[in-house]
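The next block is data.cif, given as mmCIF, C-alpha atoms and all ligand atoms.
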```cif
data_protein
loop_
_atom_site.group_PDB
_atom_site.id
_atom_site.type_symbol
_atom_site.label_atom_id
_atom_site.label_comp_id
_atom_site.auth_asym_id
_atom_site.auth_seq_id
_atom_site.Cartn_x
_atom_site.Cartn_y
_atom_site.Cartn_z
ATOM 1 C CA MET K 1 76.101 89.521 103.431
ATOM 2 C CA ASP K 2 77.942 86.219 103.421
ATOM 3 C CA GLY K 3 80.275 86.235 106.421
ATOM 4 C CA LYS K 4 82.875 84.200 104.548
ATOM 5 C CA LYS K 5 83.400 86.729 101.788
ATOM 6 C CA TYR K 6 86.591 88.714 101.684
ATOM 7 C CA ILE K 7 88.119 91.755 100.031
ATOM 8 C CA ASP K 8 91.790 91.748 99.025
ATOM 9 C CA ILE K 9 93.511 95.141 98.752
ATOM 10 C CA HIS K 10 97.002 93.948 97.751
ATOM 11 C CA SER K 11 97.704 91.679 94.773
ATOM 12 C CA HIS K 12 99.940 91.382 91.715
ATOM 13 C CA ILE K 13 97.313 89.875 89.446
ATOM 14 C CA LEU K 14 97.648 92.178 86.418
ATOM 15 C CA TRP K 15 99.889 90.538 83.882
ATOM 16 C CA GLY K 16 103.213 91.611 82.447
ATOM 17 C CA LEU K 17 103.822 94.677 84.622
ATOM 18 C CA ASP K 18 105.874 93.506 87.588
ATOM 19 C CA ASP K 19 107.000 90.226 89.162
ATOM 20 C CA GLY K 20 103.404 88.991 89.523
ATOM 21 C CA ALA K 21 101.200 87.403 86.834
ATOM 22 C CA GLU K 22 103.125 86.936 83.596
ATOM 23 C CA THR K 23 100.366 86.405 81.044
ATOM 24 C CA ARG K 24 96.702 87.290 80.559
ATOM 25 C CA GLU K 25 95.951 83.619 81.233
ATOM 26 C CA ASP K 26 97.707 83.896 84.607
ATOM 27 C CA THR K 27 95.543 86.907 85.435
ATOM 28 C CA ILE K 28 92.385 84.989 84.576
ATOM 29 C CA ALA K 29 93.537 81.929 86.538
ATOM 30 C CA MET K 30 94.302 84.047 89.618
ATOM 31 C CA MET K 31 91.008 85.941 89.420
ATOM 32 C CA THR K 32 89.218 82.586 89.129
ATOM 33 C CA GLN K 33 91.025 81.272 92.217
ATOM 34 C CA ALA K 34 90.054 84.356 94.221
ATOM 35 C CA TYR K 35 86.448 84.308 93.040
ATOM 36 C CA GLU K 36 85.983 80.617 93.764
ATOM 37 C CA ASP K 37 87.559 81.110 97.177
ATOM 38 C CA GLY K 38 85.092 83.831 98.237
ATOM 39 C CA ALA K 39 86.581 87.146 97.088
ATOM 40 C CA CYS K 40 83.991 89.818 96.338
ATOM 41 C CA ALA K 41 86.477 92.614 95.569
ATOM 42 C CA LEU K 42 90.130 92.744 94.563
ATOM 43 C CA CYS K 43 92.452 95.693 94.309
ATOM 44 C CA LEU K 44 95.116 95.055 91.679
ATOM 45 C CA THR K 45 98.320 96.692 92.907
ATOM 46 C CA PRO K 46 101.393 96.237 90.702
ATOM 47 C CA HIS K 47 104.668 97.444 92.179
ATOM 48 C CA TYR K 48 105.458 101.066 91.448
ATOM 49 C CA GLU K 49 109.229 100.972 91.136
ATOM 50 C CA PRO K 50 109.959 102.382 87.672
ATOM 51 C CA GLU K 51 113.694 101.704 87.925
ATOM 52 C CA ILE K 52 112.913 97.971 87.946
ATOM 53 C CA PHE K 53 109.435 97.553 86.452
ATOM 54 C CA GLU K 54 108.955 99.678 83.361
ATOM 55 C CA TYR K 55 105.375 100.294 82.278
ATOM 56 C CA ASP K 56 103.333 103.384 81.671
ATOM 57 C CA THR K 57 100.026 104.350 83.218
ATOM 58 C CA GLU K 58 98.189 103.864 79.890
ATOM 59 C CA THR K 59 99.282 100.229 79.734
ATOM 60 C CA LEU K 60 98.314 99.775 83.369
ATOM 61 C CA ARG K 61 94.857 101.226 82.772
ATOM 62 C CA ALA K 62 94.324 99.302 79.537
ATOM 63 C CA ARG K 63 95.174 95.964 81.191
ATOM 64 C CA PHE K 64 92.953 96.821 84.131
ATOM 65 C CA ALA K 65 90.052 97.626 81.789
ATOM 66 C CA GLU K 66 90.553 94.281 80.093
ATOM 67 C CA ALA K 67 90.602 92.417 83.420
ATOM 68 C CA GLN K 68 87.533 94.313 84.542
ATOM 69 C CA ALA K 69 85.633 93.455 81.363
ATOM 70 C CA TYR K 70 86.526 89.796 81.798
ATOM 71 C CA ALA K 71 85.429 89.847 85.451
ATOM 72 C CA ALA K 72 82.119 91.547 84.606
ATOM 73 C CA GLU K 73 81.421 88.849 82.058
ATOM 74 C CA ASN K 74 82.537 85.843 84.082
ATOM 75 C CA PHE K 75 82.521 86.568 87.814
ATOM 76 C CA GLU K 76 79.184 87.890 88.978
ATOM 77 C CA GLY K 77 79.533 90.010 92.110
ATOM 78 C CA LEU K 78 83.326 90.432 91.880
ATOM 79 C CA SER K 79 84.460 94.071 91.813
ATOM 80 C CA LEU K 80 87.923 95.073 90.673
ATOM 81 C CA TYR K 81 89.804 98.173 91.784
ATOM 82 C CA LEU K 82 93.115 99.579 90.640
ATOM 83 C CA GLY K 83 96.072 100.897 92.621
ATOM 84 C CA ASN K 84 99.822 100.518 93.071
ATOM 85 C CA GLU K 85 102.154 99.242 95.734
ATOM 86 C CA LEU K 86 104.635 102.086 96.005
ATOM 87 C CA SER K 87 108.211 101.065 96.799
ATOM 88 C CA VAL K 88 109.428 103.634 99.284
ATOM 89 C CA ARG K 89 111.224 106.563 97.643
ATOM 90 C CA ASN K 90 111.928 110.178 98.493
ATOM 91 C CA ASP K 91 109.652 111.550 95.795
ATOM 92 C CA GLY K 92 106.728 109.209 96.572
ATOM 93 C CA VAL K 93 104.244 112.009 97.211
ATOM 94 C CA GLU K 94 105.254 113.699 93.937
ATOM 95 C CA CYS K 95 104.809 110.447 92.014
ATOM 96 C CA ILE K 96 101.259 110.221 93.332
ATOM 97 C CA ARG K 97 100.405 113.874 92.791
ATOM 98 C CA HIS K 98 101.549 113.670 89.179
ATOM 99 C CA GLY K 99 99.544 110.520 88.561
ATOM 100 C CA ARG K 100 102.548 108.303 87.914
ATOM 101 C CA CYS K 101 101.748 106.122 90.936
ATOM 102 C CA LEU K 102 98.158 105.326 91.899
ATOM 103 C CA THR K 103 96.599 105.325 95.343
ATOM 104 C CA LEU K 104 94.265 102.436 96.195
ATOM 105 C CA SER K 105 91.094 102.796 94.187
ATOM 106 C CA GLU K 106 92.384 106.320 93.502
ATOM 107 C CA GLY K 107 91.279 107.542 96.929
ATOM 108 C CA ARG K 108 93.406 108.785 99.820
ATOM 109 C CA TYR K 109 94.924 105.456 100.913
ATOM 110 C CA VAL K 110 98.476 104.688 99.735
ATOM 111 C CA LEU K 111 99.961 101.181 99.967
ATOM 112 C CA ILE K 112 103.697 101.437 100.656
ATOM 113 C CA ASP K 113 106.408 98.780 100.621
ATOM 114 C CA PHE K 114 109.358 99.662 102.900
ATOM 115 C CA PHE K 115 111.859 97.038 101.765
ATOM 116 C CA GLY K 116 115.219 98.696 101.349
ATOM 117 C CA LEU K 117 115.040 100.751 104.525
ATOM 118 C CA SER K 118 117.085 99.723 107.503
ATOM 119 C CA GLU K 119 115.636 101.587 110.443
ATOM 120 C CA TYR K 120 112.365 102.638 111.973
ATOM 121 C CA ALA K 121 113.213 106.363 111.967
ATOM 122 C CA GLN K 122 113.457 106.328 108.144
ATOM 123 C CA MET K 123 110.076 104.666 107.824
ATOM 124 C CA ARG K 124 108.540 107.105 110.258
ATOM 125 C CA ARG K 125 109.880 110.116 108.324
ATOM 126 C CA SER K 126 108.543 108.715 105.092
ATOM 127 C CA LEU K 127 105.106 108.049 106.602
ATOM 128 C CA GLU K 128 104.978 111.607 107.904
ATOM 129 C CA THR K 129 105.482 113.033 104.402
ATOM 130 C CA PHE K 130 102.424 111.129 103.180
ATOM 131 C CA MET K 131 100.283 112.156 106.135
ATOM 132 C CA CYS K 132 101.351 115.795 105.814
ATOM 133 C CA ALA K 133 100.290 115.661 102.168
ATOM 134 C CA GLY K 134 96.822 114.446 103.199
ATOM 135 C CA TYR K 135 97.171 110.749 102.385
ATOM 136 C CA ILE K 136 96.574 107.775 104.670
ATOM 137 C CA PRO K 137 99.542 105.419 104.411
ATOM 138 C CA ILE K 138 99.097 101.668 104.676
ATOM 139 C CA VAL K 139 102.321 99.869 105.570
ATOM 140 C CA ALA K 140 102.459 96.743 103.406
ATOM 141 C CA HIS K 141 103.457 93.512 105.195
ATOM 142 C CA VAL K 142 105.057 95.172 108.223
ATOM 143 C CA GLU K 143 105.954 91.746 109.628
ATOM 144 C CA ARG K 144 108.462 91.190 106.819
ATOM 145 C CA TYR K 145 110.808 94.077 107.608
ATOM 146 C CA SER K 146 113.666 93.013 109.847
ATOM 147 C CA PHE K 147 114.043 96.556 111.192
ATOM 148 C CA MET K 148 110.455 96.454 112.552
ATOM 149 C CA ARG K 149 110.566 93.093 114.303
ATOM 150 C CA GLY K 150 109.567 93.454 117.923
ATOM 151 C CA LYS K 151 108.832 97.168 117.534
ATOM 152 C CA LEU K 152 105.246 96.868 118.704
ATOM 153 C CA ARG K 153 105.352 100.053 120.738
ATOM 154 C CA GLU K 154 106.374 101.966 117.633
ATOM 155 C CA VAL K 155 103.653 100.285 115.570
ATOM 156 C CA ALA K 156 101.083 101.236 118.198
ATOM 157 C CA GLU K 157 102.321 104.819 118.173
ATOM 158 C CA LEU K 158 102.059 105.108 114.390
ATOM 159 C CA SER K 159 98.679 103.453 114.528
ATOM 160 C CA ARG K 160 97.408 106.119 116.930
ATOM 161 C CA GLU K 161 98.669 108.747 114.500
ATOM 162 C CA GLY K 162 96.604 107.267 111.686
ATOM 163 C CA VAL K 163 98.955 104.861 109.883
ATOM 164 C CA LEU K 164 97.375 101.549 108.867
ATOM 165 C CA PHE K 165 99.127 98.182 108.935
ATOM 166 C CA GLN K 166 98.566 95.376 106.443
ATOM 167 C CA VAL K 167 99.699 91.819 107.215
ATOM 168 C CA ASN K 168 100.251 89.157 104.525
ATOM 169 C CA SER K 169 98.133 86.007 104.799
ATOM 170 C CA GLN K 170 101.199 84.053 103.738
ATOM 171 C CA SER K 171 103.127 85.218 106.804
ATOM 172 C CA LEU K 172 100.461 83.692 109.045
ATOM 173 C CA MET K 173 99.727 80.545 107.062
ATOM 174 C CA ARG K 174 102.735 79.501 105.049
ATOM 175 C CA ALA K 175 105.813 80.768 106.805
ATOM 176 C CA GLU K 176 107.889 78.358 108.828
ATOM 177 C CA ARG K 177 106.345 77.812 112.230
ATOM 178 C CA ALA K 178 109.118 79.647 114.008
ATOM 179 C CA SER K 179 109.862 82.269 111.366
ATOM 180 C CA LEU K 180 110.355 85.831 112.501
ATOM 181 C CA SER K 181 107.720 87.104 110.042
ATOM 182 C CA LYS K 182 105.169 84.697 111.440
ATOM 183 C CA LYS K 183 105.943 85.674 115.021
ATOM 184 C CA MET K 184 105.629 89.370 114.225
ATOM 185 C CA ALA K 185 102.360 88.780 112.324
ATOM 186 C CA GLU K 186 100.941 86.846 115.273
ATOM 187 C CA LYS K 187 101.922 89.586 117.707
ATOM 188 C CA MET K 188 100.299 92.204 115.473
ATOM 189 C CA LEU K 189 97.019 90.279 115.538
ATOM 190 C CA ALA K 190 97.169 89.345 119.213
ATOM 191 C CA ARG K 191 97.476 93.032 120.101
ATOM 192 C CA GLY K 192 94.884 94.187 117.612
ATOM 193 C CA LEU K 193 97.465 96.221 115.682
ATOM 194 C CA ALA K 194 96.769 94.762 112.245
ATOM 195 C CA ASP K 195 94.180 96.672 110.222
ATOM 196 C CA VAL K 196 93.967 94.543 107.079
ATOM 197 C CA ILE K 197 95.062 91.091 105.933
ATOM 198 C CA ALA K 198 95.773 90.748 102.212
ATOM 199 C CA SER K 199 97.196 88.094 99.918
ATOM 200 C CA ASP K 200 100.031 89.987 98.159
ATOM 201 C CA ALA K 201 99.403 87.295 95.530
ATOM 202 C CA HIS K 202 102.092 86.947 92.862
ATOM 203 C CA ASP K 203 101.130 83.705 91.107
ATOM 204 C CA LYS K 204 98.655 80.846 91.002
ATOM 205 C CA SER K 205 100.699 78.202 92.787
ATOM 206 C CA VAL K 206 102.810 79.575 95.638
ATOM 207 C CA ARG K 207 101.675 83.100 96.538
ATOM 208 C CA THR K 208 98.052 82.725 95.497
ATOM 209 C CA PRO K 209 95.113 85.119 95.976
ATOM 210 C CA ARG K 210 93.202 82.668 98.181
ATOM 211 C CA LEU K 211 92.359 84.094 101.610
ATOM 212 C CA SER K 212 89.571 81.836 102.930
ATOM 213 C CA GLU K 213 91.878 79.472 104.802
ATOM 214 C CA CYS K 214 93.584 82.388 106.515
ATOM 215 C CA ARG K 215 90.241 83.968 107.332
ATOM 216 C CA ALA K 216 89.069 80.727 108.996
ATOM 217 C CA PHE K 217 92.329 80.546 110.958
ATOM 218 C CA VAL K 218 91.983 84.146 112.171
ATOM 219 C CA GLU K 219 88.335 83.594 113.121
ATOM 220 C CA LYS K 220 89.215 80.604 115.231
ATOM 221 C CA ARG K 221 92.227 82.111 116.903
ATOM 222 C CA TYR K 222 91.373 85.802 117.212
ATOM 223 C CA GLY K 223 87.582 85.873 116.949
ATOM 224 C CA SER K 224 85.054 86.385 114.204
ATOM 225 C CA ASP K 225 84.599 90.121 114.813
ATOM 226 C CA TYR K 226 88.288 90.842 114.270
ATOM 227 C CA ALA K 227 88.337 88.547 111.208
ATOM 228 C CA GLN K 228 85.380 90.385 109.706
ATOM 229 C CA MET K 229 87.165 93.686 110.248
ATOM 230 C CA LEU K 230 90.472 92.489 108.741
ATOM 231 C CA PHE K 231 89.069 90.679 105.714
ATOM 232 C CA TYR K 232 85.941 92.657 104.918
ATOM 233 C CA THR K 233 84.965 95.819 106.782
ATOM 234 C CA ASN K 234 88.306 97.643 106.714
ATOM 235 C CA PRO K 235 89.309 96.679 103.157
ATOM 236 C CA LYS K 236 85.853 97.701 101.974
ATOM 237 C CA ALA K 237 86.150 101.107 103.651
ATOM 238 C CA ILE K 238 89.627 101.588 102.133
ATOM 239 C CA LEU K 239 88.447 100.828 98.598
ATOM 240 C CA LYS K 240 85.429 103.094 99.069
ATOM 241 C CA ASN K 241 87.709 105.848 100.410
ATOM 242 C CA LYS K 242 85.898 105.918 103.762
ATOM 243 C CA SER K 243 87.324 105.956 107.297
ATOM 244 C CA ILE K 244 88.115 102.592 108.811
ATOM 245 C CA GLN K 245 86.957 101.098 112.120
ATOM 246 C CA VAL K 246 89.258 101.890 115.036
HETATM 247 FE FE FE W 1 103.156 93.272 97.069
#
```
Written form, structure tokens:
Amino acid sequence: MDGKKYIDIHSHILWGLDDGAETREDTIAMMTQAYEDGACALCLTPHYEPEIFEYDTETLRARFAEAQAYAAENFEGLSLYLGNELSVRNDGVECIRHGRCLTLSEGRYVLIDFFGLSEYAQMRRSLETFMCAGYIPIVAHVERYSFMRGKLREVAELSREGVLFQVNSQSLMRAERASLSKKMAEKMLARGLADVIASDAHDKSVRTPRLSECRAFVEKRYGSDYAQMLFYTNPKAILKNKSIQV
């Protein structure tokens, strides 16, 4: 296995569904960028927030099938998976159970965006509802929530209880040197609290699906074993619905 390969579990590459790729051409351009940069699997995760982004599951599945057919034809060795990034809501578990919102690769892992909440206790309660229902929640870009900044003890506690934490590559690589997101992301990695790094790609120029630069940075700063876990082993286990490395 090529040590420089990576697997991205969080991206807005499917066109015309949310605030990510706008056209089929954008989708192809972003898949090309990822493939040429070393991606061997991508999970396409449009926002699930029906009050803002209106699309039905049939459209989602049809676009995914089209992207998958294109990838099979043009990108040898690139696997595509489907999922959603669920915007936190009280009926999140119901939305999943009724098939309106998709888990990652339709397994037991749920990617959840907690923007809109203002305190840790709310996030904790929400995470508990998913765990009680038998799902494994993955907190999307924890470093971006102001209410979680500096709460490393709480992150560690949730982590022990089985919650996973995803960090955005952009927070490590592109944010202002002194930004609060960057500081939180660095602390997460320094303490081994991050489980996955993903692109959260939205377009082909600013928030792109390229992860190789970030992977090289993490290797150099935090070691190649941790980089392999964050960019390959854990995301692979998640998309295969297996347990991750602890
Ligand atoms: Fe996202």
| query | Quick one: residues within 10 Å of segment 95-108 of chain K, all atoms listed in the file counted, chain neighbours fewer than 2 positions away excluded, as JSON, numbers by chain? | reply | {"K": [9, 10, 43, 44, 45, 46, 47, 48, 49, 50, 56, 57, 80, 81, 82, 83, 84, 85, 86, 89, 90, 91, 92, 93, 110, 111, 112, 130, 131, 133, 134, 135, 136, 137, 138, 238, 239, 240, 241, 242]}
| said: Taking 5 positions as the minimum chain separation for residues in the same chain, which residues sit within 12 Å of Tyr226 of chain K when counting only C-alpha atoms? Answer as a list in words. | reply: Leu189, Ala190, Arg191, Gly192, Leu193, Ala194, Asp195, Val196, Ile197, Arg215, Ala216, Phe217, Val218, Glu219, Lys220, Arg221, Phe231, Tyr232, Thr233, Asn234, Gln245 and Val246 of chain K
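In this comparison, which uses all atoms listed in the file, the residue of K:Gly38, K:Gly223, K:Pro209, K:Pro235 approaching ligand FE 1 (chain W) most closely is K:Pro209.
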| request: For segment 155-157 of chain K, work out the shell of residues within 9 Å, counting all atoms listed in the file and skipping chain neighbours fewer than 6 positions away, then give it as a list in words. | output: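 The contact residues come out as Met148, Val163, Phe165, Met188 and Leu193 of chain K.
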Would you mind listing, for every residue of segment 193-246 of chain K within 12 Å of segment 14-18 of chain K, the two atoms forming the shortest contact and the distance between them in Å to one decimal, using only C-alpha atoms, sorted by chain and ascending residue number, as a Markdown table?
```
| residue | atom | partner | partner_atom | distance |
| --- | --- | --- | --- | --- |
| K:Ala201 | CA | K:Leu14 | CA | 10.5 |
| K:His202 | CA | K:Asp18 | CA | 9.2 |
| K:Asp203 | CA | K:Trp15 | CA | 10.0 |
```
| query | Quick one, how far is atom CA of Ala227 of chain K from atom CA of Thr32 of chain K? | reply |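 Computing it gives 22.9 Å between the two atoms.
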| task | Counting only C-alpha atoms and all ligand atoms, figure out which residue out of K:Ala140, K:Ala62, K:Leu172, K:Cys214 gets nearest to ligand FE 1 (chain W). | result | K:Ala140
| request: With a distance cut-off of 8 Å and all atoms listed in the file, select the neighbouring residues of His141 of chain K, excluding the residue or stretch itself and same-chain residues fewer than 4 positions from it, and output the selection as a PyMOL selection string. | output: chain K and resi 113+145+165-168
| request: Between atom CA of Arg210 of chain K and atom CA of Asp8 of chain K, measure the distance and give it in Å to one decimal. | output: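 Rounded to one decimal, the two atoms are 9.2 Å apart.
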| Target residues per the PyMOL selection byres (((chain K and resi 120) around 9) and not hetatm), formatted as a list in words | Leu117, Ser118, Glu119, Ala121, Gln122, Met123, Arg124, Arg125, Phe147, Met148, Lys151 and Glu154 of chain K
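Considering the residues K:Leu158, K:Glu143, K:Leu164, K:Glu36 and counting all atoms listed in the file, Ala185 of chain K has its shortest atom-to-atom contact with K:Glu143.
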| said: For a test of reading the model, state the distance in Å between atom CA of Phe115 of chain K and atom CA of Gly20 of chain K, rounded to one decimal. | reply: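 Interatomic distance here is 16.9 Å.
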| What's the 10 Å shell around Tyr35 of chain K, counting all atoms listed in the file, without same-chain residues fewer than 2 positions away, as a PyMOL selection string? | chain K and resi 5-6+29-33+37-42+71+74-78+209-210
| query | Counting all atoms listed in the file, which of K:Gly150, K:Ser159, K:Ser212, K:Arg207 gets nearest to Lys182 of chain K? | reply |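 Of the candidates, the smallest distance to Lys182 of chain K is held by K:Gly150.
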| query | With only C-alpha atoms and all ligand atoms as the basis for distance, which of K:Lys183, K:His12, K:Lys236, K:Asp225 is at the shortest distance from ligand FE 1 (chain W)? | reply |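 Result for the nearest residue to ligand FE 1 (chain W): K:His12.
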| task | Give the answer as one residue: which of K:Glu66, K:Ala198, K:Val206, K:Arg149 has the shortest atom-to-atom distance to Ser179 of chain K, using all atoms listed in the file? | result | K:Arg149
Need the axis-aligned box for segment 84-87 of chain K with 5 Å each side, so what are the centre and edges in Å to one decimal, as lines of an AutoDock Vina configuration file?
```
center_x = 104.0
center_y = 100.7
center_z = 94.9
size_x = 18.4
size_y = 12.8
size_z = 13.7
```
Rebuild segment 99-131 of chain K to N, CA and C atoms - output it as a PDB file, in the coordinates of the input, please.
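Below is the file result34.pdb, written as the result:
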```pdb
ATOM      1  N   GLY K  99     100.294 111.607  89.197  1.00  0.00           N
ATOM      2  CA  GLY K  99      99.544 110.520  88.561  1.00  0.00           C
ATOM      3  C   GLY K  99     100.416 109.397  88.022  1.00  0.00           C
ATOM      4  N   ARG K 100     101.699 109.397  88.396  1.00  0.00           N
ATOM      5  CA  ARG K 100     102.548 108.303  87.914  1.00  0.00           C
ATOM      6  C   ARG K 100     102.319 107.046  88.751  1.00  0.00           C
ATOM      7  N   CYS K 101     102.041 107.241  90.032  1.00  0.00           N
ATOM      8  CA  CYS K 101     101.748 106.122  90.936  1.00  0.00           C
ATOM      9  C   CYS K 101     100.324 106.306  91.450  1.00  0.00           C
ATOM     10  N   LEU K 102      99.569 105.219  91.516  1.00  0.00           N
ATOM     11  CA  LEU K 102      98.158 105.326  91.899  1.00  0.00           C
ATOM     12  C   LEU K 102      97.927 104.955  93.359  1.00  0.00           C
ATOM     13  N   THR K 103      97.055 105.698  94.004  1.00  0.00           N
ATOM     14  CA  THR K 103      96.599 105.325  95.343  1.00  0.00           C
ATOM     15  C   THR K 103      95.607 104.167  95.184  1.00  0.00           C
ATOM     16  N   LEU K 104      95.207 103.554  96.288  1.00  0.00           N
ATOM     17  CA  LEU K 104      94.265 102.436  96.195  1.00  0.00           C
ATOM     18  C   LEU K 104      92.901 102.950  95.766  1.00  0.00           C
ATOM     19  N   SER K 105      92.403 102.407  94.697  1.00  0.00           N
ATOM     20  CA  SER K 105      91.094 102.796  94.187  1.00  0.00           C
ATOM     21  C   SER K 105      91.037 104.308  93.920  1.00  0.00           C
ATOM     22  N   GLU K 106      92.213 104.893  93.796  1.00  0.00           N
ATOM     23  CA  GLU K 106      92.384 106.320  93.502  1.00  0.00           C
ATOM     24  C   GLU K 106      91.747 107.226  94.553  1.00  0.00           C
ATOM     25  N   GLY K 107      91.760 106.736  95.801  1.00  0.00           N
ATOM     26  CA  GLY K 107      91.279 107.542  96.929  1.00  0.00           C
ATOM     27  C   GLY K 107      92.467 108.102  97.707  1.00  0.00           C
ATOM     28  N   ARG K 108      92.323 108.166  99.036  1.00  0.00           N
ATOM     29  CA  ARG K 108      93.406 108.785  99.820  1.00  0.00           C
ATOM     30  C   ARG K 108      94.343 107.774 100.473  1.00  0.00           C
ATOM     31  N   TYR K 109      94.072 106.483 100.303  1.00  0.00           N
ATOM     32  CA  TYR K 109      94.924 105.456 100.913  1.00  0.00           C
ATOM     33  C   TYR K 109      96.071 105.065  99.978  1.00  0.00           C
ATOM     34  N   VAL K 110      97.294 105.039 100.532  1.00  0.00           N
ATOM     35  CA  VAL K 110      98.476 104.688  99.735  1.00  0.00           C
ATOM     36  C   VAL K 110      99.132 103.446 100.335  1.00  0.00           C
ATOM     37  N   LEU K 111      99.314 102.415  99.513  1.00  0.00           N
ATOM     38  CA  LEU K 111      99.961 101.181  99.967  1.00  0.00           C
ATOM     39  C   LEU K 111     101.462 101.309  99.722  1.00  0.00           C
ATOM     40  N   ILE K 112     102.254 101.193 100.791  1.00  0.00           N
ATOM     41  CA  ILE K 112     103.697 101.437 100.656  1.00  0.00           C
ATOM     42  C   ILE K 112     104.517 100.248 101.156  1.00  0.00           C
ATOM     43  N   ASP K 113     105.465  99.862 100.326  1.00  0.00           N
ATOM     44  CA  ASP K 113     106.408  98.780 100.621  1.00  0.00           C
ATOM     45  C   ASP K 113     107.710  99.420 101.119  1.00  0.00           C
ATOM     46  N   PHE K 114     108.172  99.031 102.312  1.00  0.00           N
ATOM     47  CA  PHE K 114     109.358  99.662 102.900  1.00  0.00           C
ATOM     48  C   PHE K 114     110.611  98.796 102.824  1.00  0.00           C
ATOM     49  N   PHE K 115     110.621  97.806 101.948  1.00  0.00           N
ATOM     50  CA  PHE K 115     111.859  97.038 101.765  1.00  0.00           C
ATOM     51  C   PHE K 115     112.940  98.000 101.297  1.00  0.00           C
ATOM     52  N   GLY K 116     114.143  97.797 101.773  1.00  0.00           N
ATOM     53  CA  GLY K 116     115.219  98.696 101.349  1.00  0.00           C
ATOM     54  C   GLY K 116     115.591  99.651 102.466  1.00  0.00           C
ATOM     55  N   LEU K 117     114.676  99.904 103.394  1.00  0.00           N
ATOM     56  CA  LEU K 117     115.040 100.751 104.525  1.00  0.00           C
ATOM     57  C   LEU K 117     115.695  99.871 105.591  1.00  0.00           C
ATOM     58  N   SER K 118     116.411 100.530 106.488  1.00  0.00           N
ATOM     59  CA  SER K 118     117.085  99.723 107.503  1.00  0.00           C
ATOM     60  C   SER K 118     116.732 100.150 108.920  1.00  0.00           C
ATOM     61  N   GLU K 119     116.006 101.230 109.070  1.00  0.00           N
ATOM     62  CA  GLU K 119     115.636 101.587 110.443  1.00  0.00           C
ATOM     63  C   GLU K 119     114.266 102.265 110.524  1.00  0.00           C
ATOM     64  N   TYR K 120     113.703 102.125 111.711  1.00  0.00           N
ATOM     65  CA  TYR K 120     112.365 102.638 111.973  1.00  0.00           C
ATOM     66  C   TYR K 120     112.261 104.143 111.700  1.00  0.00           C
ATOM     67  N   ALA K 121     113.279 104.899 112.107  1.00  0.00           N
ATOM     68  CA  ALA K 121     113.213 106.363 111.967  1.00  0.00           C
ATOM     69  C   ALA K 121     113.010 106.762 110.502  1.00  0.00           C
ATOM     70  N   GLN K 122     113.623 106.025 109.584  1.00  0.00           N
ATOM     71  CA  GLN K 122     113.457 106.328 108.144  1.00  0.00           C
ATOM     72  C   GLN K 122     112.008 106.080 107.723  1.00  0.00           C
ATOM     73  N   MET K 123     111.458 104.980 108.200  1.00  0.00           N
ATOM     74  CA  MET K 123     110.076 104.666 107.824  1.00  0.00           C
ATOM     75  C   MET K 123     109.131 105.725 108.387  1.00  0.00           C
ATOM     76  N   ARG K 124     109.389 106.099 109.605  1.00  0.00           N
ATOM     77  CA  ARG K 124     108.540 107.105 110.258  1.00  0.00           C
ATOM     78  C   ARG K 124     108.568 108.430 109.481  1.00  0.00           C
ATOM     79  N   ARG K 125     109.766 108.850 109.081  1.00  0.00           N
ATOM     80  CA  ARG K 125     109.880 110.116 108.324  1.00  0.00           C
ATOM     81  C   ARG K 125     109.102 110.030 107.012  1.00  0.00           C
ATOM     82  N   SER K 126     109.246 108.897 106.352  1.00  0.00           N
ATOM     83  CA  SER K 126     108.543 108.715 105.092  1.00  0.00           C
ATOM     84  C   SER K 126     107.018 108.756 105.294  1.00  0.00           C
ATOM     85  N   LEU K 127     106.550 108.074 106.329  1.00  0.00           N
ATOM     86  CA  LEU K 127     105.106 108.049 106.602  1.00  0.00           C
ATOM     87  C   LEU K 127     104.586 109.462 106.883  1.00  0.00           C
ATOM     88  N   GLU K 128     105.399 110.230 107.583  1.00  0.00           N
ATOM     89  CA  GLU K 128     104.978 111.607 107.904  1.00  0.00           C
ATOM     90  C   GLU K 128     104.790 112.444 106.639  1.00  0.00           C
ATOM     91  N   THR K 129     105.636 112.236 105.631  1.00  0.00           N
ATOM     92  CA  THR K 129     105.482 113.033 104.402  1.00  0.00           C
ATOM     93  C   THR K 129     104.132 112.726 103.729  1.00  0.00           C
ATOM     94  N   PHE K 130     103.724 111.474 103.790  1.00  0.00           N
ATOM     95  CA  PHE K 130     102.424 111.129 103.180  1.00  0.00           C
ATOM     96  C   PHE K 130     101.271 111.727 103.984  1.00  0.00           C
ATOM     97  N   MET K 131     101.373 111.632 105.308  1.00  0.00           N
ATOM     98  CA  MET K 131     100.283 112.156 106.135  1.00  0.00           C
ATOM     99  C   MET K 131     100.192 113.674 106.014  1.00  0.00           C
TER     100      MET K 131
END
```
